[in-house]
Amino acid sequence: MTKTLNLALQGGGAHGAFAWGVLDRLLEGDEVTIAAISGTSAGALNGAAVKAGLACAEGAEGRRAARDNLDHVWAQVGRFSDGRLARWMTPSLPVPHGFHRLAEMLSPAALVENLTRVFSPYDSGVFYSNPLARIIRTMPHAGLASPGGPQLFVTATNVRTGRVHIFSGAGVTPDAVMASACLPTLFRAVEIEDPQTGRLETYWDGGYSGNPALFPLFPNDLPRDIVIVTINPQEREGVPSTPTQIQDRINEISFNSSLLRELRAIAFVKRLADEGRLQDRGMKIPLIHMVSDEALMTSLNSRSKSFPGPGLLARMKAAGRAAAEAFVAGDLANVGERDSVELRRIYG
């Protein structure tokens, strides 16, 4: 029996290839129908690839087109870096902690991070370009502007107001996807005209305000079930002690905060419903499911998000497929029936 559900895809740079694997497995069979997708940053890129493919054809042909788009996107992303220099600079023999820190300081990721503190993407003048533009616009199945396929919601952060902005419908363009993935230290803010005000607004990465945003999936015309594909670890044992570990954990907490707030709000609504305080209000209570690999994600640091070498991407895809296989074999039975996550115990 085919289950209809919504997907919420978290962002996380090169680690977003994990969701590539999840989506590749879900699209391989006919166990699920995707009604809507909410995506942020790499999640928006994945969502755009799926939407564009499924909008081009129905059934197995559409699923194959979506998988082709995903393969194209991540093959292009993988050309940014092969990670050989990073691996060469990582000590393989037992050495004092200070040498590990020195290696971190001299790694390509650290060098790029330090350069962004001195140079701005606006310093490059006419030579500036955003590599995501070509990736999105050269997908083999270009159905992003089509009304067919699942609804797609892309999250970005309005630089002027600091508020979350959701692009949907005809507003989901390649520029909107680039806005969702616009890290301000690496890319110039993406300018998009607001069709309601006519004002030119600028946008940064959606992870600052919604990673991913769940509320676009709440309308009554969409299924109750939301499957969240998480990238950033929520929990880490131990206290970070090196500068790199501290900064990594700060980033993880920051980019998870908006999602945790929404999950806590859902848990609160569920508690009210259990107490009978929402009767006759016609409110749809979401059912939450998650696909993740916390062990893998906690074994990595945030620096690897910026160096999408083919080896890392292949590892992420394989892990995503395995996690999706486990979801299909287990929690898929909960779709339409109950939560697969004990929200009230964790967030209530």
# chains A, B, ... in the order shown; residues from 1 in each chain; ligands from 1
call {"tool": "residues_around", "arguments": {"residues": "range 42-49 of chain A", "least_positions_apart": "2", "cutoff": "7 Å", "atoms": "only C-alpha atoms", "output": "ChimeraX atom specification"}}
result
/A:9-13,16,20,37,39-40,51-53,66,69-70,144,152,154,177,180-181
call {"tool": "write_last_selection", "arguments": {"atoms": "C-alpha atoms", "output": "tab-separated table (two decimals), in the first residue's frame"}}
result
chain	number	residue	atom	x	y	z
A	9	LEU	CA	14.81	18.30	4.32
A	10	GLN	CA	17.44	19.87	6.55
A	11	GLY	CA	20.45	21.74	5.19
A	12	GLY	CA	24.05	20.91	5.95
A	13	GLY	CA	26.38	21.55	3.02
A	16	GLY	CA	23.13	17.06	2.48
A	20	TRP	CA	20.28	12.41	-1.60
A	37	ILE	CA	8.63	19.14	0.32
A	39	GLY	CA	13.73	22.29	2.16
A	40	THR	CA	16.50	24.54	3.39
A	51	LYS	CA	10.23	18.49	-7.70
A	52	ALA	CA	11.65	19.19	-11.17
A	53	GLY	CA	11.90	15.48	-11.98
A	66	ALA	CA	13.94	12.89	-10.07
A	69	ASN	CA	18.34	15.19	-11.28
A	70	LEU	CA	19.72	14.28	-7.86
A	144	LEU	CA	11.01	23.27	-11.50
A	152	LEU	CA	7.84	22.74	-2.89
A	154	VAL	CA	12.04	26.80	0.02
A	177	VAL	CA	17.11	27.93	-4.18
A	180	SER	CA	18.22	29.32	0.60
A	181	ALA	CA	21.81	28.08	0.32
call {"tool": "residues_around", "arguments": {"residues": "Gly210 in chain A", "least_positions_apart": "6", "cutoff": "9 Å", "atoms": "only C-alpha atoms", "output": "ChimeraX atom specification"}}
result
/A:10,40,155-157,164-165,255-259
call {"tool": "closest_atom_pairs", "arguments": {"of": "range 301-323 of chain A", "to": "range 241-253 of chain A", "cutoff": "10 Å", "atoms": "only C-alpha atoms", "output": "tab-separated table"}}
result
residue	atom	partner	partner_atom	distance
A:Asn301	CA	A:Asp248	CA	6.5
A:Ser302	CA	A:Asp248	CA	5.6
A:Arg303	CA	A:Asp248	CA	7.9
call {"tool": "closest_residue", "arguments": {"among": "A:Ser168, A:Ser304, A:Ser146, A:Thr33", "to": "Leu217 in chain A", "atoms": "only C-alpha atoms"}}
result
A:Ser168
call {"tool": "closest_residue", "arguments": {"among": "A:Arg315, A:Lys3, A:His72, A:Lys270", "to": "Met139 in chain A", "atoms": "only C-alpha atoms"}}
result
A:His72
call {"tool": "atom_distance", "arguments": {"atom1": "CA of Ala17 in chain A", "atom2": "CA of Glu31 in chain A"}}
result
21.6 Å
call {"tool": "residues_around", "arguments": {"residues": "Ala75 in chain A", "least_positions_apart": "3", "cutoff": "12 Å", "atoms": "only C-alpha atoms", "output": "PyMOL selection string"}}
result
chain A and resi 14+17+20+68-72+78-82+135+138-139+308-314+317
call {"tool": "write_last_selection", "arguments": {"atoms": "C-alpha atoms", "output": "short mmCIF file (atom, residue, chain, number, x, y, z; two decimals), in the first residue's frame"}}
result
data_model
loop_
_atom_site.label_atom_id
_atom_site.label_comp_id
_atom_site.auth_asym_id
_atom_site.auth_seq_id
_atom_site.Cartn_x
_atom_site.Cartn_y
_atom_site.Cartn_z
CA ALA A 14 28.06 18.44 1.68
CA ALA A 17 24.19 14.16 0.29
CA TRP A 20 20.28 12.41 -1.60
CA ASP A 68 18.61 11.60 -12.45
CA ASN A 69 18.34 15.19 -11.28
CA LEU A 70 19.72 14.28 -7.86
CA ASP A 71 22.63 12.40 -9.43
CA HIS A 72 23.39 15.42 -11.61
CA GLY A 78 31.45 16.84 -6.00
CA ARG A 79 33.59 18.68 -8.52
CA PHE A 80 34.18 21.50 -6.03
CA SER A 81 36.70 19.45 -4.06
CA ASP A 82 38.10 15.94 -3.90
CA ILE A 135 24.00 23.34 -11.21
CA THR A 138 21.45 22.44 -16.00
CA MET A 139 19.42 19.68 -14.35
CA PRO A 308 32.25 17.84 -0.85
CA GLY A 309 34.75 15.33 -2.14
CA PRO A 310 33.36 12.36 -4.10
CA GLY A 311 34.38 9.95 -1.33
CA LEU A 312 32.44 11.83 1.32
CA LEU A 313 29.41 12.23 -0.94
CA ALA A 314 29.37 8.52 -1.78
CA LYS A 317 24.52 8.71 -0.10
#
call {"tool": "residues_around", "arguments": {"residues": "range 118-127 of chain A", "least_positions_apart": "3", "cutoff": "7 Å", "atoms": "only C-alpha atoms", "output": "compact mmCIF listing (two decimals) with N, CA and C atoms, in the first residue's frame"}}
result
# COMPACT_ATOMS: atom_id res chain seq x y z
N LEU A 115 40.12 33.18 5.62
CA LEU A 115 40.06 34.15 4.52
C LEU A 115 38.74 34.90 4.51
N THR A 185 29.24 34.44 4.22
CA THR A 185 30.69 34.62 4.16
C THR A 185 31.28 34.10 2.85
N LEU A 186 30.50 33.30 2.11
CA LEU A 186 30.99 32.73 0.86
C LEU A 186 30.32 33.33 -0.37
N PHE A 187 29.05 33.68 -0.25
CA PHE A 187 28.29 34.15 -1.40
C PHE A 187 27.65 35.51 -1.11
N ARG A 188 27.46 36.27 -2.15
CA ARG A 188 26.73 37.51 -2.01
C ARG A 188 25.25 37.21 -1.77
call {"tool": "residues_around", "arguments": {"residues": "Glu342 in chain A", "least_positions_apart": "5", "cutoff": "12 Å", "atoms": "only C-alpha atoms", "output": "PyMOL selection string"}}
result
chain A and resi 263-264+266-267+270-271+287-290+347-348
